[in-house]
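Structure below is protein10.cif: mmCIF, C-alpha atoms.
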data_upload
#
loop_
_atom_site.group_PDB
_atom_site.id
_atom_site.type_symbol
_atom_site.label_atom_id
_atom_site.label_comp_id
_atom_site.auth_asym_id
_atom_site.auth_seq_id
_atom_site.Cartn_x
_atom_site.Cartn_y
_atom_site.Cartn_z
ATOM 1 C CA SER A 80 3.128 -44.820 -15.342
ATOM 2 C CA SER A 81 0.605 -43.058 -13.088
ATOM 3 C CA ARG A 82 3.333 -40.713 -11.890
ATOM 4 C CA VAL A 83 4.217 -39.815 -15.476
ATOM 5 C CA LEU A 84 0.555 -39.133 -16.244
ATOM 6 C CA TRP A 85 0.274 -36.971 -13.118
ATOM 7 C CA THR A 86 3.378 -34.980 -14.129
ATOM 8 C CA LEU A 87 1.954 -34.446 -17.609
ATOM 9 C CA ALA A 88 -1.384 -33.340 -16.163
ATOM 10 C CA VAL A 89 0.270 -30.827 -13.814
ATOM 11 C CA THR A 90 2.473 -29.547 -16.647
ATOM 12 C CA GLN A 91 -0.522 -29.000 -18.924
ATOM 13 C CA PHE A 92 -2.618 -27.453 -16.144
ATOM 14 C CA CYS A 93 -0.166 -24.886 -14.748
ATOM 15 C CA GLY A 94 2.670 -24.803 -17.261
ATOM 16 C CA PHE A 95 6.140 -26.146 -16.726
ATOM 17 C CA VAL A 96 6.928 -26.761 -13.074
ATOM 18 C CA GLY A 97 10.701 -26.509 -12.698
ATOM 19 C CA PRO A 98 12.832 -27.269 -9.634
ATOM 20 C CA ASN A 99 12.547 -23.675 -8.338
ATOM 21 C CA MET A 100 8.850 -23.177 -9.024
ATOM 22 C CA PRO A 101 6.266 -23.492 -6.224
ATOM 23 C CA HIS A 102 4.545 -26.836 -5.956
ATOM 24 C CA SER A 103 1.939 -25.953 -3.336
ATOM 25 C CA PHE A 104 -1.348 -24.483 -4.446
ATOM 26 C CA GLY A 105 -2.952 -24.072 -1.033
ATOM 27 C CA TYR A 106 -5.146 -21.293 0.285
ATOM 28 C CA ARG A 107 -2.146 -19.434 1.753
ATOM 29 C CA ALA A 108 0.396 -20.243 -0.943
ATOM 30 C CA ARG A 109 2.920 -17.470 -1.691
ATOM 31 C CA THR A 110 2.026 -15.402 1.405
ATOM 32 C CA ARG A 111 5.273 -15.735 3.362
ATOM 33 C CA ARG A 112 6.128 -12.029 3.136
ATOM 34 C CA THR A 113 2.635 -10.728 2.368
ATOM 35 C CA PHE A 114 1.158 -11.822 5.692
ATOM 36 C CA ALA A 115 4.350 -11.343 7.738
ATOM 37 C CA ARG A 116 4.182 -8.824 10.580
ATOM 38 C CA GLY A 117 6.384 -5.774 10.367
ATOM 39 C CA PHE A 118 9.621 -5.202 12.268
ATOM 40 C CA ARG A 119 8.857 -4.961 16.013
ATOM 41 C CA GLN A 120 5.135 -5.332 15.268
ATOM 42 C CA HIS A 121 4.742 -8.923 16.472
ATOM 43 C CA GLY A 122 2.593 -9.991 19.388
ATOM 44 C CA LYS A 123 -0.962 -9.425 20.510
ATOM 45 C CA VAL A 124 -3.419 -7.219 18.689
ATOM 46 C CA HIS A 125 -3.935 -3.830 20.352
ATOM 47 C CA LEU A 126 -7.216 -3.303 22.152
ATOM 48 C CA SER A 127 -7.876 -0.155 20.094
ATOM 49 C CA GLN A 128 -8.218 -2.392 17.038
ATOM 50 C CA TYR A 129 -11.298 -3.999 18.603
ATOM 51 C CA LEU A 130 -12.734 -0.763 20.021
ATOM 52 C CA THR A 131 -12.629 1.261 16.789
ATOM 53 C CA PRO A 132 -16.237 1.925 15.738
ATOM 54 C CA ILE A 133 -16.948 0.948 12.132
ATOM 55 C CA LYS A 134 -20.306 1.760 10.566
ATOM 56 C CA VAL A 135 -22.121 0.631 7.440
ATOM 57 C CA GLY A 136 -21.122 2.632 4.381
ATOM 58 C CA GLU A 137 -17.615 3.565 5.574
ATOM 59 C CA SER A 138 -14.494 2.872 3.532
ATOM 60 C CA VAL A 139 -12.106 0.345 5.057
ATOM 61 C CA ASP A 140 -8.759 -1.114 4.029
ATOM 62 C CA ILE A 141 -8.220 -4.856 4.226
ATOM 63 C CA LYS A 142 -4.816 -5.379 5.828
ATOM 64 C CA VAL A 143 -4.253 -8.988 6.847
ATOM 65 C CA ASN A 144 -2.800 -9.563 10.315
ATOM 66 C CA GLY A 145 -0.775 -12.778 10.100
ATOM 67 C CA ALA A 146 -1.014 -13.385 13.863
ATOM 68 C CA VAL A 147 -4.780 -13.932 13.706
ATOM 69 C CA HIS A 148 -5.765 -16.918 11.588
ATOM 70 C CA LYS A 149 -9.506 -16.703 12.146
ATOM 71 C CA GLY A 150 -11.503 -14.616 9.725
ATOM 72 C CA MET A 151 -8.502 -14.088 7.464
ATOM 73 C CA PRO A 152 -9.412 -13.117 3.879
ATOM 74 C CA TYR A 153 -7.841 -14.659 0.799
ATOM 75 C CA ARG A 154 -4.527 -13.078 -0.196
ATOM 76 C CA TRP A 155 -5.981 -11.261 -3.226
ATOM 77 C CA TYR A 156 -7.984 -9.000 -0.907
ATOM 78 C CA HIS A 157 -4.891 -7.880 1.058
ATOM 79 C CA GLY A 158 -4.391 -4.157 0.465
ATOM 80 C CA LYS A 159 -7.779 -3.595 -1.177
ATOM 81 C CA THR A 160 -10.253 -0.912 -0.141
ATOM 82 C CA GLY A 161 -13.981 -1.574 0.102
ATOM 83 C CA GLN A 162 -17.259 -0.368 1.556
ATOM 84 C CA VAL A 163 -18.796 -1.807 4.723
ATOM 85 C CA TRP A 164 -22.161 -3.426 4.028
ATOM 86 C CA ASN A 165 -22.637 -5.495 7.205
ATOM 87 C CA VAL A 166 -21.464 -5.385 10.814
ATOM 88 C CA THR A 167 -21.546 -8.499 13.014
ATOM 89 C CA PRO A 168 -20.254 -8.948 16.595
ATOM 90 C CA ARG A 169 -16.778 -10.111 15.494
ATOM 91 C CA ALA A 170 -16.571 -9.445 11.760
ATOM 92 C CA ILE A 171 -17.215 -6.803 9.145
ATOM 93 C CA GLY A 172 -18.881 -7.398 5.785
ATOM 94 C CA VAL A 173 -16.861 -5.628 3.085
ATOM 95 C CA GLU A 174 -17.836 -5.103 -0.546
ATOM 96 C CA VAL A 175 -14.784 -5.001 -2.842
ATOM 97 C CA ASN A 176 -14.645 -4.444 -6.598
ATOM 98 C CA LYS A 177 -12.736 -7.199 -8.390
ATOM 99 C CA GLN A 178 -11.837 -6.975 -12.058
ATOM 100 C CA ILE A 179 -12.248 -10.260 -13.910
ATOM 101 C CA ARG A 180 -11.199 -9.852 -17.533
ATOM 102 C CA GLN A 181 -13.295 -6.976 -18.936
ATOM 103 C CA ARG A 182 -15.913 -6.723 -16.182
ATOM 104 C CA ILE A 183 -15.869 -5.563 -12.557
ATOM 105 C CA ILE A 184 -17.686 -7.740 -10.029
ATOM 106 C CA LYS A 185 -18.685 -6.624 -6.533
ATOM 107 C CA LYS A 186 -17.440 -9.263 -4.107
ATOM 108 C CA ARG A 187 -18.982 -9.401 -0.639
ATOM 109 C CA ILE A 188 -16.799 -11.005 2.029
ATOM 110 C CA HIS A 189 -16.833 -11.144 5.812
ATOM 111 C CA VAL A 190 -13.520 -10.329 7.475
ATOM 112 C CA ARG A 191 -12.708 -10.246 11.170
ATOM 113 C CA ILE A 192 -11.997 -6.883 12.775
ATOM 114 C CA GLU A 193 -8.292 -7.682 13.241
ATOM 115 C CA HIS A 194 -7.788 -7.566 9.452
ATOM 116 C CA ILE A 195 -9.614 -4.240 8.918
ATOM 117 C CA GLN A 196 -8.576 -0.622 9.336
ATOM 118 C CA LYS A 197 -10.382 2.598 8.505
ATOM 119 C CA SER A 198 -9.386 3.974 5.133
ATOM 120 C CA GLY A 199 -7.948 7.445 4.744
ATOM 121 C CA SER A 200 -8.306 7.444 0.967
ATOM 122 C CA ARG A 201 -11.211 9.924 0.976
ATOM 123 C CA ASP A 202 -9.908 12.264 3.701
ATOM 124 C CA ASP A 203 -8.174 14.646 1.307
ATOM 125 C CA PHE A 204 -11.237 14.687 -0.968
ATOM 126 C CA VAL A 205 -13.621 15.466 1.917
ATOM 127 C CA LYS A 206 -11.368 18.289 3.194
ATOM 128 C CA ARG A 207 -11.130 19.748 -0.303
ATOM 129 C CA CYS A 208 -14.932 19.652 -0.711
ATOM 130 C CA ALA A 209 -15.410 21.481 2.605
ATOM 131 C CA ALA A 210 -12.823 24.112 1.638
ATOM 132 C CA ASN A 211 -14.496 24.561 -1.765
ATOM 133 C CA GLN A 212 -17.870 25.120 -0.082
ATOM 134 C CA VAL A 213 -16.387 27.874 2.099
ATOM 135 C CA THR A 214 -14.696 29.447 -0.938
ATOM 136 C CA CYS A 215 -17.945 29.435 -2.932
ATOM 137 C CA ILE A 216 -19.927 31.020 -0.077
ATOM 138 C CA GLU A 217 -17.335 33.789 0.388
ATOM 139 C CA ALA A 218 -17.177 34.452 -3.362
ATOM 140 C CA LYS A 219 -20.973 34.645 -3.565
ATOM 141 C CA LYS A 220 -21.040 37.242 -0.781
ATOM 142 C CA ALA A 221 -18.344 39.265 -2.589
ATOM 143 C CA GLY A 222 -20.176 38.944 -5.912
ATOM 144 C CA ALA A 223 -17.272 37.242 -7.640
ATOM 145 C CA ARG A 224 -16.827 33.858 -9.229
ATOM 146 C CA ALA A 225 -15.096 31.200 -7.125
ATOM 147 C CA VAL A 226 -12.185 29.244 -8.585
ATOM 148 C CA THR A 227 -12.162 25.775 -7.066
ATOM 149 C CA LYS A 228 -10.133 24.093 -9.781
ATOM 150 C CA ARG A 229 -6.854 22.603 -8.599
ATOM 151 C CA SER A 230 -3.697 23.795 -10.303
ATOM 152 C CA PRO A 231 -0.075 22.782 -9.817
ATOM 153 C CA ALA A 232 2.221 25.063 -7.829
ATOM 154 C CA GLY A 233 3.962 27.482 -10.160
ATOM 155 C CA PRO A 234 7.591 28.608 -10.049
ATOM 156 C CA ARG A 235 8.819 30.756 -7.179
ATOM 157 C CA ALA A 236 8.727 34.531 -7.552
ATOM 158 C CA GLU A 237 11.855 36.333 -8.705
ATOM 159 C CA ALA A 238 14.233 37.770 -6.120
ATOM 160 C CA TYR A 239 17.432 39.771 -6.076
ATOM 161 C CA VAL A 240 20.458 38.732 -4.047
ATOM 162 C CA ASN A 241 21.988 41.449 -1.888
ATOM 163 C CA GLY A 242 25.608 41.863 -3.052
ATOM 164 C CA LYS A 243 26.737 43.892 -0.028
ATOM 165 C CA VAL A 244 27.030 40.781 2.123
ATOM 166 C CA ASP A 245 30.467 39.152 2.096
ATOM 167 C CA VAL A 246 30.315 36.241 -0.300
ATOM 168 C CA GLU A 247 32.670 33.343 0.296
ATOM 169 C CA GLU A 248 33.984 31.781 -2.875
ATOM 170 C CA LEU A 249 34.438 28.030 -2.857
ATOM 171 C CA HIS A 250 37.011 26.309 -5.028
ATOM 172 C CA PRO A 251 37.596 22.565 -5.438
ATOM 173 C CA ILE A 252 40.559 21.188 -3.541
ATOM 174 C CA PRO A 253 43.132 19.725 -5.964
ATOM 175 C CA LEU A 254 43.494 15.972 -5.825
ATOM 176 C CA ARG A 255 46.842 14.976 -4.363
ATOM 177 C CA VAL A 256 48.042 11.541 -5.344
ATOM 178 C CA HIS A 257 50.820 10.212 -3.126
ATOM 179 C CA CYS A 258 52.838 7.865 -5.287
ATOM 180 C CA LEU A 259 55.203 5.324 -3.824
ATOM 181 C CA ASN A 260 58.807 5.047 -4.833
ATOM 182 C CA VAL A 261 59.747 2.381 -7.329
ATOM 183 C CA GLU A 262 61.744 0.551 -4.635
ATOM 184 C CA GLN A 263 58.720 0.417 -2.315
ATOM 185 C CA ILE A 264 56.476 -1.027 -5.042
ATOM 186 C CA GLY A 265 58.881 -3.926 -5.586
ATOM 187 C CA ASN A 266 58.731 -4.978 -1.934
#

Output the file's structure as structure tokens, nothing else.
Amino acid sequence: SSRVLWTLAVTQFCGFVGPNMPHSFGYRARTRRTFARGFRQHGKVHLSQYLTPIKVGESVDIKVNGAVHKGMPYRWYHGKTGQVWNVTPRAIGVEVNKQIRQRIIKKRIHVRIEHIQKSGSRDDFVKRCAANQVTCIEAKKAGARAVTKRSPAGPRAEAYVNGKVDVEELHPIPLRVHCLNVEQIGN
């Protein structure tokens, strides 16, 4: 009777649990492929991972390394980008925005260095800002107005093909079906 009550409680709590549904609800449940190392990426962590300088205020990506169990963040944070708010000897404090229903909460977590990499999400933006500054300065010297607005690449310019070059015409090769004799089909 206690087993029946337990089954009913689990069913009401997390819906119907069929034979193919997961029964474990641990801290690392459903992370078999998420935390798996890539092809030919197994083994020790490179020394450059530890020697990369990370400062407060930088953007970092949380990328869990399954080989290092210490300081591993919860699976929700895998693949998220956040700002560094604290640096300790072995770990980095990262502030990540997490949406919970209609509000966004800033979550502060400490993650070991093995699970962190510098983010390149702002690199293109920073380069574009620098290029826009140069464009504005040059336009101001010329007395013109600078256009820093991005626009999609338009169609290619028109061009004429030189007809004096020998042009090779291509035709499809006719399909040749080799049928067998009626006597051969019977054998």

Counting all atoms listed in the file, which residues come within 10 Å of (-16.5, 1.7, 1.6), with the point read in the file's coordinates, and could you list them as a PyMOL selection string? chain A and resi 134-140+160-164+173-175+197-198+201

Polymer residues at most 9 Å from segment 143-152 of chain A, only C-alpha atoms, same-chain spacing of 2 or more positions, as a PyMOL selection string: chain A and resi 113-116+121-124+141+154-158+170+188-195

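Going from atom CA of Arg207 of chain A to atom CA of Arg224 of chain A covers 17.6 Å.
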
Within 12 Å of segment 210-213 of chain A, counting only C-alpha atoms, which residues show up once you throw out same-chain ones fewer than 5 positions away? Write them as number ranges by chain, please. A: 203-205, 218-220, 225-229

One number please: atom CA of Gly199 of chain A to atom CA of Gln181 of chain A, in Å, one decimal.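 For atom CA of Gly199 of chain A relative to atom CA of Gln181 of chain A, the distance reads 28.2 Å.
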